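Enquirer: What follows is a single structure, and I will ask about it in a moment.
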Amino acid sequence: MQNKIARIHVNQHVIKANAKSGERNPVFTIKQGGKNTYATRVKVVGEMELVYSPDKPLSCGAKVWIETRGEIELDEKIAPHASEFQTSLEPTHNLAVNLDRALTEFLAKKRKRLVNKNKLSACLTR
């Protein structure tokens, strides 16, 4: 049985955000079977094809990607929505603990943005 097709692309928005903030969030997105995985290093074992499709981009907007049914090896695999938070899922750690910490960080950032937005709105209405 063949593996499901995987599409790998480079997220230019994360590259730009990393350059601006100094962070090192993963820039590769691997889409396979309705699931997104983010990584800083991707190795494809097997055949792959480079695709340029400006008239029919992926749902995320990517117009260039790699397609493969080969095995994919990832280093520094990251949870979904990695551009919002940075939590490494090392095999030796408990997945639930890492996801809980990542969710807590994500929500804290959202709350901070909302507070700052409310302060700005209050200043502008005076």
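The way I read the labels, and the way they are meant: chains A, B, ... in the order of the structure tokens, residue 1 as the first residue of every chain, and ligand 1 as the first ligand shown, with later ones counted on from there.
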As a ChimeraX atom specification, please: the residues near region 46-59 of chain A (cut-off 8 Å, only C-alpha atoms, same-chain neighbours under 6 positions excluded).
Expert: /A:65-71
Enquirer: Take the selection from the previous step and output its residues with C-alpha atoms, as a PDB file, in the first residue's frame.
Expert:
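New file selection-v9.pdb:
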```
ATOM      1  CA  TRP A  65       5.457  22.861  -3.121  1.00  0.00           C
ATOM      2  CA  ILE A  66       6.986  19.391  -3.143  1.00  0.00           C
ATOM      3  CA  GLU A  67       4.751  16.334  -3.506  1.00  0.00           C
ATOM      4  CA  THR A  68       5.848  12.885  -2.407  1.00  0.00           C
ATOM      5  CA  ARG A  69       4.522   9.508  -1.400  1.00  0.00           C
ATOM      6  CA  GLY A  70       7.917   8.668   0.022  1.00  0.00           C
ATOM      7  CA  GLU A  71       8.827   8.466   3.668  1.00  0.00           C
TER       8      GLU A  71
END
```
Enquirer: Would you kindly return, as a list of chain:residue names, each protein, DNA or RNA residue with an atom no farther than 10 Å from any atom of Gly33 (chain A), considering only C-alpha atoms and excluding same-chain residues fewer than 4 positions away?
Expert: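 Everything that qualifies: A:Asn3, A:Lys4, A:Ile5, A:Ala6, A:Arg7.
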Enquirer: For CA of Ala19 (chain A) and CA of Arg41 (chain A), determine how far apart the two atoms are, in Å to one decimal place.
Expert: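 If I compute the distance from CA of Ala19 (chain A) to CA of Arg41 (chain A), I get 17.7 Å.
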Enquirer: By how many Å are CA of Ala62 (chain A) and CA of Thr29 (chain A) apart?
Expert: 10.1 Å
Enquirer: Quick one, how far is CA of Gln32 (chain A) from CA of Ile8 (chain A)?
Expert: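 So the two atoms, CA of Gln32 (chain A) and CA of Ile8 (chain A), lie 8.8 Å apart.
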Enquirer: Find, counting only C-alpha atoms, the residue in A:Arg113, A:Thr104, A:Pro26, A:His13 that gets nearest to Gly61 (chain A).
Expert: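 Selected residue with least distance to Gly61 (chain A): A:His13.
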